[in-house]
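Please read the structure below before turning to the comments.
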Amino acid sequence: MSFADANIDSNDVVLVTGGAGYIGSHACKALAQAGYTPVVFDNLVYGHRWAVRWGPLEVGDIADRERIDQVIRRYRPAAVMHFAAFTYVGESVTDPGKYYRNNVAGTLTLLEAMHDHEIRRMIFSSTCAIYGMPQQIPMTESHPQTPINPYGASKLMIERILEDFAAAHDLRSVSLRYFNAAGADPEAEVGELHDPETHLVPLVLDAAAGRRSAITIFGDDYDTPDGTCVRDYIHVTDLAQAHVLALRALESGAGSTAYNLGNGKGFSVREVIDCARRVSGREIPVEMGARRPGDPARLVGDASRAIAELGWSPAYADLDQIVATAWAWHQSPRGSAPGKQTAGPTQVS
């Protein structure tokens, strides 16, 4: 059955850019469970066809205005969830043009298409990287915004553009500033599969599964309880639920705003490794390395505004729950697929 034959109300259609990726695919599942029809728009540079399971896939790039227009005319979405972006911090430093061209210019193309087609609601996938080095812990939404890399700067520019589009065109948006997304769908239908992989939890679990020889910790002399860096890990399913709640808030007439999404507490690198050992029942080789420049000792967010205003409540706040869902995914056919990097020690902060 084609989309046109399905008799689906376009008011329930959400265009999900980057919906074949890690967080976007989980958001699509949450949207479908909430009664929406997610239409994935993804160029599949980093996304996966197999991750598109809850609505149609339209292959395209956010920089391609003609393609965006085609998809919008076909599905008539009432809102957009915007995940499509390049997200590798190190690469953004060495190739900033790639990040400003894709993340900023591509988003501007998308927003202009939304304006011309009279789509007035967007949920934007932002990041705590817009804050830069923490000046207080936990970090609230009023924390100074001084990003230290082009990736964070590109996301901050988009938030500014959204403010201007709200003022000029009544395009209302919610920017969700993630801390460290982790875990996988509890039913293991989708999960984290990046190439290259840079996130701590899957890297540690790759070592537990024997796909990597060791984990190298960058620095054990930080001002933290065990000397290793502390980060705020938030389960990807909880992130997805926050997107649905943010969309419903806009549907109810809420104005443009931004929210932090995190657990409000941090776990150290050693705590994550110990948890992975406990959950997997495997030994995980560890090697020590020197600190990396620019790594703060702690990054922990304050999500109290999202909890109070959206009614959001993380269901998987316990580290063991987060790692257990990731481990289940890692043991699934997709999560253990060939092609994952296996060579050499992995360095994490």
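Chain identifiers are assigned as A, B, and so on, following the order in which chains appear in the structure tokens; residues are numbered from 1 within each chain, and ligands are numbered from 1 in order of appearance.
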
Point to revise | In range 5-245 of chain A, DSSP alpha helix (DSSP H) residues written as an MDAnalysis selection string | key: chainID A and resid 22:33 65:75 89:94 96:99 106:116 150:169 200:208 236:245

Print the selection's residues with C-alpha atoms to a file, as a compact mmCIF listing (two decimals), in the first residue's frame.
# COMPACT_ATOMS: atom_id res chain seq x y z
CA TYR A 22 21.11 6.50 16.01
CA ILE A 23 18.92 9.00 17.84
CA GLY A 24 16.65 9.71 14.87
CA SER A 25 15.62 6.06 14.49
CA HIS A 26 14.72 5.83 18.17
CA ALA A 27 12.67 9.02 17.79
CA CYS A 28 10.82 7.45 14.85
CA LYS A 29 9.83 4.50 17.01
CA ALA A 30 8.63 6.83 19.77
CA LEU A 31 6.64 8.87 17.24
CA ALA A 32 4.96 5.76 15.85
CA GLN A 33 4.09 4.56 19.34
CA ARG A 65 16.04 22.23 -1.90
CA GLU A 66 14.30 20.61 -4.88
CA ARG A 67 14.34 17.20 -3.18
CA ILE A 68 13.02 18.65 0.10
CA ASP A 69 10.17 20.32 -1.80
CA GLN A 70 9.28 17.03 -3.50
CA VAL A 71 9.06 15.18 -0.20
CA ILE A 72 7.10 17.91 1.56
CA ARG A 73 4.58 18.11 -1.29
CA ARG A 74 4.13 14.33 -1.22
CA TYR A 75 3.58 13.88 2.53
CA VAL A 89 33.96 17.04 17.08
CA GLY A 90 37.54 16.25 16.01
CA GLU A 91 36.65 16.29 12.33
CA SER A 92 34.90 19.63 12.77
CA VAL A 93 38.20 21.10 13.98
CA THR A 94 40.18 19.83 10.99
CA PRO A 96 35.21 23.25 9.69
CA GLY A 97 33.84 24.10 6.25
CA LYS A 98 32.21 20.69 6.01
CA TYR A 99 30.34 21.35 9.27
CA GLY A 106 21.78 22.73 5.07
CA THR A 107 19.51 23.64 7.98
CA LEU A 108 18.87 27.07 6.48
CA THR A 109 17.75 25.39 3.25
CA LEU A 110 15.41 23.16 5.24
CA LEU A 111 13.98 26.09 7.22
CA GLU A 112 13.32 28.12 4.09
CA ALA A 113 11.47 25.16 2.61
CA MET A 114 9.43 24.84 5.80
CA HIS A 115 8.55 28.53 5.63
CA ASP A 116 7.51 28.35 1.97
CA PRO A 150 33.07 24.18 15.00
CA TYR A 151 30.57 21.40 15.71
CA GLY A 152 29.26 23.19 18.80
CA ALA A 153 29.44 26.54 17.02
CA SER A 154 27.38 25.19 14.11
CA LYS A 155 24.63 24.01 16.47
CA LEU A 156 24.61 27.34 18.30
CA MET A 157 24.29 29.17 14.98
CA ILE A 158 21.25 27.05 14.14
CA GLU A 159 19.64 27.90 17.47
CA ARG A 160 20.16 31.59 16.65
CA ILE A 161 18.65 31.12 13.19
CA LEU A 162 15.64 29.44 14.78
CA GLU A 163 15.16 32.46 17.04
CA ASP A 164 15.20 34.75 14.01
CA PHE A 165 12.76 32.55 12.07
CA ALA A 166 10.44 32.57 15.07
CA ALA A 167 10.46 36.35 15.11
CA ALA A 168 10.11 36.79 11.35
CA HIS A 169 7.98 33.82 10.31
CA LEU A 200 32.36 5.44 25.24
CA VAL A 201 29.66 2.84 25.93
CA PRO A 202 29.79 1.03 22.55
CA LEU A 203 33.57 1.23 22.52
CA VAL A 204 33.80 -0.41 25.93
CA LEU A 205 31.28 -3.07 24.91
CA ASP A 206 33.26 -3.76 21.73
CA ALA A 207 36.22 -4.48 24.01
CA ALA A 208 34.04 -6.71 26.15
CA VAL A 236 18.47 7.24 23.86
CA THR A 237 14.89 6.08 24.45
CA ASP A 238 14.47 8.81 27.06
CA LEU A 239 15.79 11.32 24.52
CA ALA A 240 13.27 10.06 21.98
CA GLN A 241 10.40 10.47 24.45
CA ALA A 242 11.49 14.05 25.13
CA HIS A 243 11.17 14.81 21.41
CA VAL A 244 7.59 13.58 21.35
CA LEU A 245 6.74 15.62 24.44

Taking only C-alpha atoms into account, produce a table as JSON lines in which each residue of range 97-156 of chain A with an atom at most 10 Å from an atom of range 263-287 of chain A appears once, together with its shortest atom pair and the distance in Å to one decimal, ordered by chain and rising number.
{"residue": "A:Ile137", "atom": "CA", "partner": "A:Gly264", "partner_atom": "CA", "distance": 9.4}
{"residue": "A:Pro138", "atom": "CA", "partner": "A:Gly264", "partner_atom": "CA", "distance": 6.9}
{"residue": "A:Met139", "atom": "CA", "partner": "A:Gly264", "partner_atom": "CA", "distance": 8.9}
{"residue": "A:Thr140", "atom": "CA", "partner": "A:Gly264", "partner_atom": "CA", "distance": 10.0}

Residues from last step as file, C-alpha atoms, as a PDB file, in the first residue's frame:
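Generated output (again_26.pdb):
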ATOM      1  CA  ILE A 137      28.140  22.085  37.412  1.00  0.00           C
ATOM      2  CA  PRO A 138      25.412  21.107  36.740  1.00  0.00           C
ATOM      3  CA  MET A 139      24.986  23.216  33.616  1.00  0.00           C
ATOM      4  CA  THR A 140      21.626  24.954  33.166  1.00  0.00           C
TER       5      THR A 140
END

Could you list, with a cut-off of 6 Å and counting only C-alpha atoms, the residues of range 192-285 of chain A near range 178-184 of chain A, each shown with its nearest atom pair and the distance in Å rounded to one decimal, rows sorted by chain and ascending number, as JSON lines?
{"residue": "A:Asp232", "atom": "CA", "partner": "A:Asn180", "partner_atom": "CA", "distance": 5.8}
{"residue": "A:Tyr233", "atom": "CA", "partner": "A:Asn180", "partner_atom": "CA", "distance": 4.6}
{"residue": "A:Ile234", "atom": "CA", "partner": "A:Ala181", "partner_atom": "CA", "distance": 5.1}
{"residue": "A:His235", "atom": "CA", "partner": "A:Ala182", "partner_atom": "CA", "distance": 5.0}
{"residue": "A:Val236", "atom": "CA", "partner": "A:Ala181", "partner_atom": "CA", "distance": 5.5}
{"residue": "A:Leu261", "atom": "CA", "partner": "A:Tyr178", "partner_atom": "CA", "distance": 4.9}
{"residue": "A:Gly262", "atom": "CA", "partner": "A:Phe179", "partner_atom": "CA", "distance": 5.6}

Review point. Leaving out range 55-61 of chain A and any residue of its chain fewer than 5 positions from it, which residues lie within 6 Å of it when counting only C-alpha atoms, given as a PyMOL selection string?
Key: chain A and resi 38-43

Now that the selection is made, can you save its residues with C-alpha atoms as a PDB file, in the first residue's frame?
ATOM      1  CA  PRO A  38       7.440   9.468  10.800  1.00  0.00           C
ATOM      2  CA  VAL A  39       8.716  10.096   7.274  1.00  0.00           C
ATOM      3  CA  VAL A  40      12.487   9.676   7.257  1.00  0.00           C
ATOM      4  CA  PHE A  41      14.543  12.028   5.078  1.00  0.00           C
ATOM      5  CA  ASP A  42      18.151  10.852   5.132  1.00  0.00           C
ATOM      6  CA  ASN A  43      21.107  10.816   2.742  1.00  0.00           C
TER       7      ASN A  43
END

Practice item. Using only C-alpha atoms, pick whichever of A:Leu44, A:Val52, A:Ile215, A:Ile119 has the shortest atom-to-atom distance to Arg76 in chain A. Key: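 Of A:Leu44, A:Val52, A:Ile215, A:Ile119, the one nearest Arg76 in chain A is A:Ile119, counting only C-alpha atoms.
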
Point to revise | Contacts of Pro333 in chain A within 12 Å, only C-alpha atoms, excl. fewer than 5 positions in-chain, as a ChimeraX atom specification | key: /A:50,188-191,193,328,338

Review point. When DSSP works through the backbone of this structure, what residues of range 75-234 of chain A end up as strand (DSSP E), shown as a list in words?
Key: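 Going through range 75-234 of chain A, the strand (DSSP E) residues come out as Ala79, Val80, Met81, His82, Arg121, Met122, Ile123, Phe124, Ser125, Ser126, Thr127, Arg172, Ser173, Val174, Ser175, Leu176, Arg177, Tyr178, Asn180, Ala181, Ala182, Ile215, Thr216, Ile217, Phe218, Val230, Arg231, Tyr233 and Ile234 of chain A.
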
Practice item. Give me the residues within 12 Å of Ala308 in chain A as a PyMOL selection string, counting only C-alpha atoms and dropping any in the same chain fewer than 6 places off. Key: chain A and resi 245+259-260+302

Those residues you just picked out, can you put them in a file as an mmCIF file, in the first residue's frame with N, CA and C atoms?
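Ended up saving to again.cif:
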data_model
loop_
_atom_site.group_PDB
_atom_site.id
_atom_site.type_symbol
_atom_site.label_atom_id
_atom_site.label_comp_id
_atom_site.auth_asym_id
_atom_site.auth_seq_id
_atom_site.Cartn_x
_atom_site.Cartn_y
_atom_site.Cartn_z
ATOM 1 N N LEU A 245 7.338 14.674 23.503
ATOM 2 C CA LEU A 245 6.743 15.619 24.439
ATOM 3 C C LEU A 245 6.932 17.056 23.970
ATOM 4 N N TYR A 259 15.813 23.189 25.868
ATOM 5 C CA TYR A 259 15.913 22.398 27.091
ATOM 6 C C TYR A 259 17.180 21.549 27.077
ATOM 7 N N ASN A 260 17.802 21.436 28.236
ATOM 8 C CA ASN A 260 18.831 20.417 28.442
ATOM 9 C C ASN A 260 18.177 19.053 28.616
ATOM 10 N N ASP A 302 21.734 20.017 33.913
ATOM 11 C CA ASP A 302 20.550 20.202 34.747
ATOM 12 C C ASP A 302 19.337 20.175 33.817
#

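The interatomic distance for the pair CA of Arg292 in chain A and CA of Pro144 in chain A works out to 23.1 Å.
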
Review point. Mind pulling up the distance from CA of Glu141 in chain A to CA of Arg305 in chain A?
Key: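 Pair CA of Arg305 in chain A / CA of Glu141 in chain A returns 8.5 Å.
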
Point to revise | Counting only C-alpha atoms, the option among A:Ala63, A:Ile217, A:Ala84, A:Ala246 closest to Glu309 in chain A | key: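 Closest residue, counting only C-alpha atoms: A:Ala246.
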
Point to revise | Pick from A:Phe86, A:Tyr316, A:Tyr131, A:Tyr222, whichever lies nearest to Arg101 in chain A using only C-alpha atoms | key: A:Phe86

Check your understanding: Using only C-alpha atoms, which of A:Ala214, A:Ala258, A:Leu299, A:Met133 sits nearest Val174 in chain A?
Key ->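 Result for the nearest residue to Val174 in chain A: A:Ala258.
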
Point to revise | Atomic separation - CA of Ser252 in chain A relative to CA of Asp170 in chain A, Å | key: 14.7 Å

**Study point:** Pick from A:Glu192, A:Ala254, A:Ser336, A:Met288 nearest to Asp220 in chain A, counting only C-alpha atoms
**Key:**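 Among the listed residues, the smallest separation from Asp220 in chain A belongs to A:Met288.
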